[in-house]
Amino acid sequence: LSSRYIELSNGLKTLLISDLSGADGNPASEEDDSEGDESEGEEGESGEEEEEEGDSGEGTEEESEEGEEEQDTALCIGVGSFSDPDDLPGLAHFLEHMVFMGSEKYPAENGFDAFLKKHGGSDNASTDCERTIFQFDVQRKHFREALDRWAQFFICPLMIKDAIDREVEAVDSEYQLAKPSDSHRKEMLFGSLAKATHPMGKFCWGNAQTLKHEPREKNINTYERLREFWKRHYSAHYMTLAVQSKESLDAMEEWVREIFSKIPNNGLPKPDFSHLQDPFDTPAFNKLYRVVPVRKVHALTITWALPPQEKYYRVKPLHYISWLIGHEGTGSILSLLRKKCWALALFGGNSETGFDQNTTYSIFSISITLTDEGFQNFYQVTKCHVRIIYEEIQKIEANEFHYQEQTDPIEYVEDICENMQLFPKEDFLTGDQLMFEYNPEVISAALNLLVPDKANLLLLSPEHEGHCQLKEKWFGTQYSVEDIEQEWRDRWAGDFELNPDLHLPAENKFIATDFTLKTPDCPDTEFPVRIVNNEKGCLWFKKDTKFKIPKAYVRFNLISPMIQKSPENLVLFDIFVNILAHNLAEPAYEADVAQLEYKLVAGEHGLVIKVKGFNHKLPLLLNLIVDYLANFTAAPDVFAMFSEQLKKTYFNILIKPDKLGKDLRLLILEHARWSIVQKYQAIMKGLSVADLMDFVQSFKSELYAEGLVQGNFISSVSTLKLQFKRLSVEVPVLFRVVELPEKHHLCKVKSLNKGDANSEVTVYYQVSGCMHMEEPCFDFLRTKETLGYHVYPTCRNTSGILGFSVTVETQATKFNTELVETKIEEFLDSFGEKMASLSDDAFKTQVTALIKLKECEDTHLGEEVDRNWFEVLSQQYVFDRLGKEIDALKQMTKAELVSCFMEHRGQTGKKLSVHVVGFGEAENDPPEDSCSPGVGGDDGGQKTSSYGEVSKLTFLPATSTLASAVVIADIRAFTSSLNLYPYHKILK
């Protein structure tokens, strides 16, 4: 890569990055001026599940043909929600939405999105406290036009009044979707503790109340204020731009100067909040806050608000402190807490988001996922001891930086444009990654501020229900506040004796020192070859001939028919995988910090083991995992801890409308599948350590292994110390998929979270075809109909059977789910008409764009591995699948596509609708007799769900809107009457 830093006449700062060496006549060493397929299963996990998920849909990948590679651009504006006016909370976030809605030069409301989708691109934007970032990627030959269209967001956006009223609904829907998130609730509550004069207490999300209803009541013209905000804050001299392309640096500079010099510069000073220091130096901060979470979880967060640490980026003092506090090896805090069965996970540090770090403060927090016993002893959990080491951290960070695989290009330019706001130009590329200096004074200064009388304690637990009388204004979080007990203040302030189990880490034997490339004893091949194939299993191997980095990937799927025999076995399998991960956590942690990554996954039919990293020490890690698997043990207190935690995990899955909807859809489609509700019922009945060890014994006694090794690694991988043998049932051990009847079937249930207004509607068709539907779907259902923030089509591959679906996440307070489905059908009708009227040239353009997406070059080895691993995991082995799909696309005619699409419309389509209905005014509560036998009803009055209630689904009847639909009220009875797709269809 070569790069060039330029500053335009309007003050916009730009970094150009070219990976076309020498194409502009400059030498390759030119001086650097600055330097889809969805997973159709669920995993059982013990820790906190990830809070947020992005939109589903097809991604885009870098193109390989000349002129078709993806080009990536990101622009950061040095303004965010801190600049929101007091009388219009959320205006910065709203403006980020609104600039997408057409410009004077390109007035079509969703014109930019449509242009990108047509040419294999994507875009996104985000608003933080002091920065707003926009980014996009697109195929190379359309890059210049995309730059021009995109730049109009900042030159002359339309922001018409009609679009303003509709886009408020999208912002409001985004807010409503965030309300059930415990992480967002914690942030909002924490922000409310800041001084009244500090912008941290502002409601940065914005919603219909703050952006539409209240402004009307107060005669505030949102339209005028929005334009004023744009003129004041979207100024060129606040902006930094990063452009990465295959074009020459000279060509990129010419385009950027021509296009982006038109962005206005208002000459006003950039908003500066750095004078607002110590925002949390208030009596409200050093307290204990008890919070009622949405999910079933016990969690303790200890937080300190420090002076801004960004200026110490060359030292990164908080990185050292978090390294040792978050250490999980022998002698660590988490190791001690795990031995006591008090904690499952511990994270310490600063996320470097605007919430955690800005010009007014830097957060340092320790977050601990507690067990039931840990919750009862949470004061003792807060005791910790920290010391600092330097050389090992620096060595590991340097190894990772110098041998890192290429990141997603769009993420790369996004990081760079933000770095340009933070660091001098010589550190744009490395300022956020490398440890430049060791300064013990700076580190000690930060460490000395982590004292008890400056800490905030936030304790989440469902046991706080009914004891918290206070409520946070925007997210409705129930909480209470109390002084930290004096006894514990005194203990923490005194010189308590250091626990002998706490000590510094030993020297890390997993740090790689040999980075020579191996010479695998296997010929060069385009696709993986099978080097082992017998009754014990099979192993596929492919050496890395492209990326040539000293890293490798090793993956195994240990298949056993015992897993799917009963819901109880599935639960025992989840417990087994969690305890195995727990047993490995301490001995394998040093490998983890040395960039040798490993993951254990409770797959649908087997235990999936994934390891990757520097090949020098990778065999050490693989052997360690196999040893612990072969000699598996489970202490009674550890078993009890994970049994209780899995109850919470299943509960937390079931109360999410999207997770419940997915579970119901797969329960209907996949024959003999067990639902999460059944797993939840099984674990609530109680299981024992003896049950677990019996299961593990039977699991290991009937085991078949399939593996994939890729990268710079010799093919003779270490022999697994397990007794594999031929299975008693046919391999593959896949679910059989039912063939839906040619009618519309509806499964409609009440959400299991009584405090959640969010509904989800998924309309699924058992047929392939989702071509270029994303942008029209978004435009029709979100932009025009304003049904919700998350609106997307998805291509489905359910155990080998293809389908597609359209999903809308909406709010029951706004829309009835059957009305939403009607609108989805209206969209599909309009899409069918547009597809039928498509010109031959337009059809060829879309087919070509899809072909180009599939003719992709992998940006890093992991992408190639993931694609090949799917073939091994599904036991289909079509490693040249992309080539076959491209050949099929080249032969496809418009008539065939239209015929395929229209064949499944109307009454003869194989259609399944799944509605998860939230709690709100737009949906009627179910009648008492709407429940299936043995299924619990809705008590209506309670705002949070109890443990028992999530084991009872309330099936709802269809109303007149969908009167023709066949309602599914007994899933087992329905699926048992259906035909199964033949096995050969799944395999081919």
# chains A, B, ... in the order shown; residues from 1 in each chain; ligands from 1
>>> select_by_dssp(residues="stretch 820-914 of chain A", states="alpha helix (DSSP H)", output="MDAnalysis selection string")
chainID A and resid 820:836 840:854 861:873 881:891 894:903
>>> residues_around(residues="A:Ser192", least_positions_apart="6", cutoff="9 Å", atoms="only C-alpha atoms", output="list in words")
Met200, Gly201, Lys202 and Glu472 of chain A
>>> write_last_selection(atoms="C-alpha atoms", output="mmCIF file, in the first residue's frame")
data_model
loop_
_atom_site.group_PDB
_atom_site.id
_atom_site.type_symbol
_atom_site.label_atom_id
_atom_site.label_comp_id
_atom_site.auth_asym_id
_atom_site.auth_seq_id
_atom_site.Cartn_x
_atom_site.Cartn_y
_atom_site.Cartn_z
ATOM 1 C CA MET A 200 -23.306 13.179 28.911
ATOM 2 C CA GLY A 201 -26.765 13.397 30.468
ATOM 3 C CA LYS A 202 -28.405 14.189 27.113
ATOM 4 C CA GLU A 472 -34.677 6.241 34.372
#
>>> select_by_dssp(residues="stretch 41-244 of chain A", states="strand (DSSP E or B)", output="PyMOL selection string")
chain A and resi 63+70-77+103+122-127+132-139+157+239-244
>>> write_last_selection(atoms="N, CA, C and O atoms", output="short mmCIF file (atom, residue, chain, number, x, y, z; two decimals), in the first residue's frame")
data_model
loop_
_atom_site.label_atom_id
_atom_site.label_comp_id
_atom_site.auth_asym_id
_atom_site.auth_seq_id
_atom_site.Cartn_x
_atom_site.Cartn_y
_atom_site.Cartn_z
N GLU A 63 -13.89 -7.48 -5.23
CA GLU A 63 -13.94 -8.12 -6.54
C GLU A 63 -12.55 -8.38 -7.08
O GLU A 63 -11.61 -7.65 -6.81
N GLU A 70 -13.78 -3.86 -5.04
CA GLU A 70 -14.49 -2.87 -4.23
C GLU A 70 -13.55 -1.78 -3.77
O GLU A 70 -12.41 -2.03 -3.40
N GLN A 71 -14.04 -0.55 -3.80
CA GLN A 71 -13.30 0.60 -3.31
C GLN A 71 -14.02 1.10 -2.06
O GLN A 71 -15.25 1.07 -2.00
N ASP A 72 -13.27 1.59 -1.11
CA ASP A 72 -13.84 1.87 0.21
C ASP A 72 -13.51 3.29 0.66
O ASP A 72 -12.37 3.75 0.49
N THR A 73 -14.51 3.95 1.23
CA THR A 73 -14.34 5.33 1.66
C THR A 73 -15.08 5.56 2.97
O THR A 73 -16.17 5.01 3.18
N ALA A 74 -14.48 6.37 3.83
CA ALA A 74 -15.15 6.75 5.08
C ALA A 74 -14.84 8.21 5.39
O ALA A 74 -13.73 8.70 5.11
N LEU A 75 -15.81 8.90 5.94
CA LEU A 75 -15.66 10.31 6.31
C LEU A 75 -16.12 10.50 7.74
O LEU A 75 -17.20 10.02 8.12
N CYS A 76 -15.29 11.18 8.53
CA CYS A 76 -15.62 11.43 9.93
C CYS A 76 -15.80 12.93 10.14
O CYS A 76 -14.96 13.73 9.70
N ILE A 77 -16.88 13.30 10.77
CA ILE A 77 -17.15 14.70 11.11
C ILE A 77 -16.96 14.86 12.62
O ILE A 77 -17.49 14.07 13.40
N SER A 103 -30.39 14.43 -2.47
CA SER A 103 -29.67 15.70 -2.52
C SER A 103 -30.19 16.51 -3.71
O SER A 103 -30.96 16.02 -4.53
N SER A 122 -22.30 -1.21 -0.44
CA SER A 122 -23.08 -1.06 0.79
C SER A 122 -22.64 0.22 1.48
O SER A 122 -21.60 0.79 1.16
N ASP A 123 -23.45 0.70 2.43
CA ASP A 123 -23.09 1.90 3.16
C ASP A 123 -23.65 1.84 4.58
O ASP A 123 -24.48 0.99 4.89
N ASN A 124 -23.15 2.74 5.41
CA ASN A 124 -23.62 2.79 6.79
C ASN A 124 -23.18 4.11 7.40
O ASN A 124 -22.39 4.85 6.80
N ALA A 125 -23.69 4.41 8.58
CA ALA A 125 -23.30 5.62 9.30
C ALA A 125 -23.58 5.40 10.78
O ALA A 125 -24.40 4.56 11.16
N SER A 126 -22.89 6.18 11.62
CA SER A 126 -23.10 6.08 13.07
C SER A 126 -22.79 7.42 13.72
O SER A 126 -21.94 8.17 13.24
N THR A 127 -23.51 7.71 14.80
CA THR A 127 -23.31 8.95 15.55
C THR A 127 -22.82 8.62 16.94
O THR A 127 -23.42 7.82 17.65
N THR A 132 -19.26 11.78 14.06
CA THR A 132 -20.23 11.09 13.22
C THR A 132 -19.48 10.53 12.02
O THR A 132 -18.71 11.25 11.38
N ILE A 133 -19.67 9.25 11.73
CA ILE A 133 -18.91 8.59 10.66
C ILE A 133 -19.87 8.05 9.60
O ILE A 133 -20.89 7.42 9.90
N PHE A 134 -19.51 8.30 8.34
CA PHE A 134 -20.21 7.76 7.18
C PHE A 134 -19.22 6.92 6.38
O PHE A 134 -18.04 7.27 6.29
N GLN A 135 -19.68 5.81 5.80
CA GLN A 135 -18.80 4.99 4.98
C GLN A 135 -19.58 4.26 3.90
O GLN A 135 -20.78 4.04 4.02
N PHE A 136 -18.88 3.91 2.81
CA PHE A 136 -19.50 3.08 1.76
C PHE A 136 -18.41 2.33 1.01
O PHE A 136 -17.22 2.67 1.06
N ASP A 137 -18.82 1.27 0.29
CA ASP A 137 -17.94 0.60 -0.66
C ASP A 137 -18.74 0.32 -1.93
O ASP A 137 -19.97 0.27 -1.91
N VAL A 138 -18.03 0.16 -3.04
CA VAL A 138 -18.68 -0.05 -4.33
C VAL A 138 -17.65 -0.61 -5.30
O VAL A 138 -16.44 -0.51 -5.06
N GLN A 139 -18.12 -1.20 -6.40
CA GLN A 139 -17.20 -1.72 -7.41
C GLN A 139 -16.40 -0.58 -8.04
O GLN A 139 -16.89 0.54 -8.19
N PRO A 157 -27.66 18.39 0.81
CA PRO A 157 -28.73 17.41 1.05
C PRO A 157 -30.09 18.08 0.98
O PRO A 157 -30.25 19.25 1.34
N MET A 239 -13.96 17.88 9.04
CA MET A 239 -14.07 16.56 8.42
C MET A 239 -12.72 15.96 8.09
O MET A 239 -11.77 16.67 7.73
N THR A 240 -12.64 14.63 8.22
CA THR A 240 -11.49 13.86 7.77
C THR A 240 -11.99 12.74 6.87
O THR A 240 -13.00 12.10 7.17
N LEU A 241 -11.27 12.49 5.80
CA LEU A 241 -11.71 11.55 4.76
C LEU A 241 -10.61 10.54 4.50
O LEU A 241 -9.44 10.91 4.36
N ALA A 242 -10.96 9.26 4.45
CA ALA A 242 -10.02 8.19 4.08
C ALA A 242 -10.57 7.48 2.86
O ALA A 242 -11.73 7.04 2.85
N VAL A 243 -9.74 7.35 1.82
CA VAL A 243 -10.16 6.73 0.56
C VAL A 243 -9.16 5.64 0.22
O VAL A 243 -7.95 5.90 0.12
N GLN A 244 -9.64 4.41 0.05
CA GLN A 244 -8.78 3.29 -0.35
C GLN A 244 -9.27 2.74 -1.68
O GLN A 244 -10.45 2.42 -1.83
#
>>> residues_around(residues="A:Gln697", least_positions_apart="3", cutoff="12 Å", atoms="only C-alpha atoms", output="PyMOL selection string")
chain A and resi 560+562-563+572-573+576+629-633+690-694+700-703+722-723
>>> residues_around(residues="A:Lys823", least_positions_apart="6", cutoff="12 Å", atoms="only C-alpha atoms", output="MDAnalysis selection string")
chainID A and resid 761 763 777 780:782 784:788 791 806:808 815:817 829:830 961:962
>>> write_last_selection(atoms="N, CA, C and O atoms", output="PDB file, in the first residue's frame")
ATOM      1  N   VAL A 761     -42.038  -9.908  12.442  1.00  0.00           N
ATOM      2  CA  VAL A 761     -42.782 -10.642  11.423  1.00  0.00           C
ATOM      3  C   VAL A 761     -41.788 -11.157  10.393  1.00  0.00           C
ATOM      4  O   VAL A 761     -41.032 -10.375   9.807  1.00  0.00           O
ATOM      5  N   VAL A 763     -41.831 -13.522   6.934  1.00  0.00           N
ATOM      6  CA  VAL A 763     -42.590 -14.250   5.921  1.00  0.00           C
ATOM      7  C   VAL A 763     -41.585 -15.041   5.092  1.00  0.00           C
ATOM      8  O   VAL A 763     -40.712 -14.461   4.433  1.00  0.00           O
ATOM      9  N   CYS A 777     -36.789  -3.360  -0.891  1.00  0.00           N
ATOM     10  CA  CYS A 777     -37.469  -3.771   0.349  1.00  0.00           C
ATOM     11  C   CYS A 777     -37.324  -2.676   1.401  1.00  0.00           C
ATOM     12  O   CYS A 777     -38.298  -2.280   2.057  1.00  0.00           O
ATOM     13  N   PHE A 780     -39.447   0.462   0.355  1.00  0.00           N
ATOM     14  CA  PHE A 780     -40.898   0.289   0.450  1.00  0.00           C
ATOM     15  C   PHE A 780     -41.357   0.176   1.907  1.00  0.00           C
ATOM     16  O   PHE A 780     -42.268   0.885   2.340  1.00  0.00           O
ATOM     17  N   LEU A 781     -40.709  -0.703   2.675  1.00  0.00           N
ATOM     18  CA  LEU A 781     -41.227  -1.050   4.001  1.00  0.00           C
ATOM     19  C   LEU A 781     -40.719  -0.137   5.116  1.00  0.00           C
ATOM     20  O   LEU A 781     -41.435   0.099   6.084  1.00  0.00           O
ATOM     21  N   ARG A 782     -39.494   0.380   4.968  1.00  0.00           N
ATOM     22  CA  ARG A 782     -38.993   1.282   6.009  1.00  0.00           C
ATOM     23  C   ARG A 782     -39.186   2.744   5.626  1.00  0.00           C
ATOM     24  O   ARG A 782     -39.800   3.510   6.361  1.00  0.00           O
ATOM     25  N   LYS A 784     -40.878   4.332   3.046  1.00  0.00           N
ATOM     26  CA  LYS A 784     -42.224   4.804   2.673  1.00  0.00           C
ATOM     27  C   LYS A 784     -43.288   4.409   3.692  1.00  0.00           C
ATOM     28  O   LYS A 784     -44.120   5.223   4.093  1.00  0.00           O
ATOM     29  N   GLU A 785     -43.287   3.143   4.114  1.00  0.00           N
ATOM     30  CA  GLU A 785     -44.324   2.671   5.044  1.00  0.00           C
ATOM     31  C   GLU A 785     -43.932   2.882   6.506  1.00  0.00           C
ATOM     32  O   GLU A 785     -44.780   2.746   7.389  1.00  0.00           O
ATOM     33  N   THR A 786     -42.674   3.184   6.773  1.00  0.00           N
ATOM     34  CA  THR A 786     -42.145   3.451   8.120  1.00  0.00           C
ATOM     35  C   THR A 786     -42.552   2.373   9.130  1.00  0.00           C
ATOM     36  O   THR A 786     -42.948   2.664  10.249  1.00  0.00           O
ATOM     37  N   LEU A 787     -42.435   1.099   8.711  1.00  0.00           N
ATOM     38  CA  LEU A 787     -42.871   0.008   9.587  1.00  0.00           C
ATOM     39  C   LEU A 787     -41.874  -0.289  10.704  1.00  0.00           C
ATOM     40  O   LEU A 787     -42.257  -0.837  11.738  1.00  0.00           O
ATOM     41  N   GLY A 788     -40.609   0.035  10.485  1.00  0.00           N
ATOM     42  CA  GLY A 788     -39.630  -0.265  11.518  1.00  0.00           C
ATOM     43  C   GLY A 788     -38.230   0.049  11.050  1.00  0.00           C
ATOM     44  O   GLY A 788     -37.985   0.335   9.868  1.00  0.00           O
ATOM     45  N   VAL A 791     -35.504  -3.840   8.620  1.00  0.00           N
ATOM     46  CA  VAL A 791     -36.332  -4.368   7.533  1.00  0.00           C
ATOM     47  C   VAL A 791     -35.370  -5.008   6.544  1.00  0.00           C
ATOM     48  O   VAL A 791     -34.482  -4.321   6.028  1.00  0.00           O
ATOM     49  N   VAL A 806     -38.652 -12.331   4.170  1.00  0.00           N
ATOM     50  CA  VAL A 806     -38.621 -10.896   4.429  1.00  0.00           C
ATOM     51  C   VAL A 806     -38.998 -10.712   5.891  1.00  0.00           C
ATOM     52  O   VAL A 806     -39.996 -11.267   6.363  1.00  0.00           O
ATOM     53  N   THR A 807     -38.183  -9.946   6.622  1.00  0.00           N
ATOM     54  CA  THR A 807     -38.392  -9.741   8.054  1.00  0.00           C
ATOM     55  C   THR A 807     -38.569  -8.261   8.346  1.00  0.00           C
ATOM     56  O   THR A 807     -37.839  -7.426   7.804  1.00  0.00           O
ATOM     57  N   VAL A 808     -39.535  -7.955   9.206  1.00  0.00           N
ATOM     58  CA  VAL A 808     -39.741  -6.591   9.694  1.00  0.00           C
ATOM     59  C   VAL A 808     -39.819  -6.652  11.216  1.00  0.00           C
ATOM     60  O   VAL A 808     -40.610  -7.414  11.769  1.00  0.00           O
ATOM     61  N   PHE A 815     -48.063  -0.854  15.063  1.00  0.00           N
ATOM     62  CA  PHE A 815     -48.612  -1.650  13.967  1.00  0.00           C
ATOM     63  C   PHE A 815     -49.021  -3.043  14.424  1.00  0.00           C
ATOM     64  O   PHE A 815     -48.302  -3.698  15.182  1.00  0.00           O
ATOM     65  N   ASN A 816     -50.156  -3.476  13.926  1.00  0.00           N
ATOM     66  CA  ASN A 816     -50.585  -4.854  14.074  1.00  0.00           C
ATOM     67  C   ASN A 816     -49.712  -5.720  13.168  1.00  0.00           C
ATOM     68  O   ASN A 816     -49.433  -5.356  12.030  1.00  0.00           O
ATOM     69  N   THR A 817     -49.283  -6.888  13.664  1.00  0.00           N
ATOM     70  CA  THR A 817     -48.376  -7.723  12.867  1.00  0.00           C
ATOM     71  C   THR A 817     -49.014  -8.192  11.564  1.00  0.00           C
ATOM     72  O   THR A 817     -48.314  -8.394  10.567  1.00  0.00           O
ATOM     73  N   ASP A 829     -45.559  -8.039  -4.235  1.00  0.00           N
ATOM     74  CA  ASP A 829     -46.336  -7.843  -5.466  1.00  0.00           C
ATOM     75  C   ASP A 829     -45.687  -6.786  -6.355  1.00  0.00           C
ATOM     76  O   ASP A 829     -45.506  -6.977  -7.558  1.00  0.00           O
ATOM     77  N   SER A 830     -45.331  -5.656  -5.734  1.00  0.00           N
ATOM     78  CA  SER A 830     -44.729  -4.574  -6.514  1.00  0.00           C
ATOM     79  C   SER A 830     -43.362  -4.984  -7.042  1.00  0.00           C
ATOM     80  O   SER A 830     -42.988  -4.626  -8.168  1.00  0.00           O
ATOM     81  N   THR A 961     -57.670 -10.050   8.675  1.00  0.00           N
ATOM     82  CA  THR A 961     -56.659  -9.612   7.702  1.00  0.00           C
ATOM     83  C   THR A 961     -56.000 -10.795   7.018  1.00  0.00           C
ATOM     84  O   THR A 961     -55.717 -10.758   5.822  1.00  0.00           O
ATOM     85  N   LEU A 962     -55.734 -11.853   7.771  1.00  0.00           N
ATOM     86  CA  LEU A 962     -55.104 -13.048   7.214  1.00  0.00           C
ATOM     87  C   LEU A 962     -56.034 -14.250   7.375  1.00  0.00           C
ATOM     88  O   LEU A 962     -55.611 -15.337   7.756  1.00  0.00           O
TER      89      LEU A 962
END
>>> residues_around(residues="stretch 668-678 of chain A", least_positions_apart="3", cutoff="6 Å", atoms="only C-alpha atoms", output="MDAnalysis selection string")
chainID A and resid 665 681 735:738 951
>>> closest_residue(among="A:Lys659, A:Phe527, A:Tyr650, A:Ile511", to="A:Ala594", atoms="only C-alpha atoms")
A:Ile511
>>> residues_around(residues="stretch 255-260 of chain A", least_positions_apart="5", cutoff="7 Å", atoms="only C-alpha atoms", output="list in words")
Leu8, Asp148 and Ala151 of chain A
>>> closest_residue(among="A:Val820, A:Leu470, A:Ala895, A:Ala812", to="A:Ser839", atoms="only C-alpha atoms")
A:Ala895
>>> closest_residue(among="A:Lys565, A:Arg140, A:Lys316, A:His327", to="A:Val593", atoms="only C-alpha atoms")
A:His327
>>> residues_around(residues="A:Asn358", least_positions_apart="2", cutoff="10 Å", atoms="only C-alpha atoms", output="compact mmCIF listing (two decimals) with N, CA, C and O atoms, in the first residue's frame")
# COMPACT_ATOMS: atom_id res chain seq x y z
N ASP A 128 -21.70 9.25 17.33
CA ASP A 128 -21.14 9.06 18.66
C ASP A 128 -21.22 10.38 19.41
O ASP A 128 -21.85 11.33 18.94
N CYS A 129 -20.59 10.48 20.55
CA CYS A 129 -20.69 11.69 21.37
C CYS A 129 -20.09 12.91 20.69
O CYS A 129 -20.69 14.00 20.71
N GLU A 130 -18.91 12.75 20.09
CA GLU A 130 -18.22 13.89 19.48
C GLU A 130 -17.86 13.66 18.02
O GLU A 130 -17.19 14.50 17.42
N ARG A 131 -18.29 12.55 17.45
CA ARG A 131 -17.98 12.25 16.05
C ARG A 131 -19.13 11.55 15.37
O ARG A 131 -19.89 10.81 16.00
N PHE A 273 -15.59 20.58 23.99
CA PHE A 273 -16.15 20.29 25.31
C PHE A 273 -15.06 19.97 26.33
O PHE A 273 -15.35 19.53 27.44
N SER A 274 -13.80 20.17 25.92
CA SER A 274 -12.69 19.73 26.77
C SER A 274 -12.60 20.50 28.09
O SER A 274 -11.92 20.06 29.01
N PRO A 307 -9.52 11.52 34.19
CA PRO A 307 -9.27 12.59 33.23
C PRO A 307 -9.05 12.00 31.84
O PRO A 307 -8.66 10.84 31.72
N PRO A 308 -9.30 12.76 30.78
CA PRO A 308 -9.16 12.23 29.41
C PRO A 308 -7.77 11.63 29.18
O PRO A 308 -6.75 12.26 29.50
N GLN A 309 -7.74 10.43 28.64
CA GLN A 309 -6.48 9.72 28.43
C GLN A 309 -6.05 9.69 26.96
O GLN A 309 -5.00 9.11 26.65
N GLU A 310 -6.82 10.28 26.06
CA GLU A 310 -6.49 10.22 24.64
C GLU A 310 -5.11 10.81 24.36
O GLU A 310 -4.40 10.34 23.47
N GLU A 352 -13.07 2.58 24.13
CA GLU A 352 -12.67 3.63 23.21
C GLU A 352 -13.81 4.14 22.34
O GLU A 352 -13.59 4.80 21.32
N THR A 353 -15.06 3.83 22.72
CA THR A 353 -16.20 4.48 22.09
C THR A 353 -16.34 5.88 22.71
O THR A 353 -15.68 6.20 23.70
N GLY A 354 -17.20 6.71 22.12
CA GLY A 354 -17.39 8.05 22.66
C GLY A 354 -17.94 8.04 24.07
O GLY A 354 -17.66 8.95 24.85
N PHE A 355 -18.70 7.01 24.41
CA PHE A 355 -19.23 6.90 25.77
C PHE A 355 -18.11 6.64 26.77
O PHE A 355 -18.11 7.18 27.87
N ASP A 356 -17.13 5.83 26.37
CA ASP A 356 -16.06 5.45 27.29
C ASP A 356 -14.90 6.44 27.28
O ASP A 356 -14.16 6.53 28.26
N THR A 360 -13.67 14.96 27.55
CA THR A 360 -13.99 15.41 28.92
C THR A 360 -13.66 14.37 29.99
O THR A 360 -13.47 14.73 31.15
N TYR A 361 -13.59 13.10 29.65
CA TYR A 361 -13.26 12.06 30.62
C TYR A 361 -12.90 10.78 29.89
O TYR A 361 -13.16 10.62 28.69
N SER A 362 -12.31 9.84 30.61
CA SER A 362 -12.09 8.47 30.14
C SER A 362 -12.59 7.51 31.21
O SER A 362 -12.31 7.70 32.39
N ILE A 363 -13.33 6.53 30.79
CA ILE A 363 -13.86 5.53 31.71
C ILE A 363 -12.86 4.38 31.86
O ILE A 363 -12.24 3.96 30.89
>>> atom_distance(atom1="atom CA of A:Arg338", atom2="atom CA of A:Asn448")
26.9 Å
>>> atom_distance(atom1="atom CA of A:Trp869", atom2="atom CA of A:Thr794")
21.2 Å
>>> atom_distance(atom1="atom CA of A:Leu980", atom2="atom CA of A:Glu818")
28.9 Å
>>> closest_residue(among="A:Val709, A:Ile160, A:Leu346, A:Leu177", to="A:Val532", atoms="only C-alpha atoms")
A:Val709
>>> closest_residue(among="A:Asn508, A:Ser245, A:Thr545, A:Ser874", to="A:Lys617", atoms="only C-alpha atoms")
A:Asn508
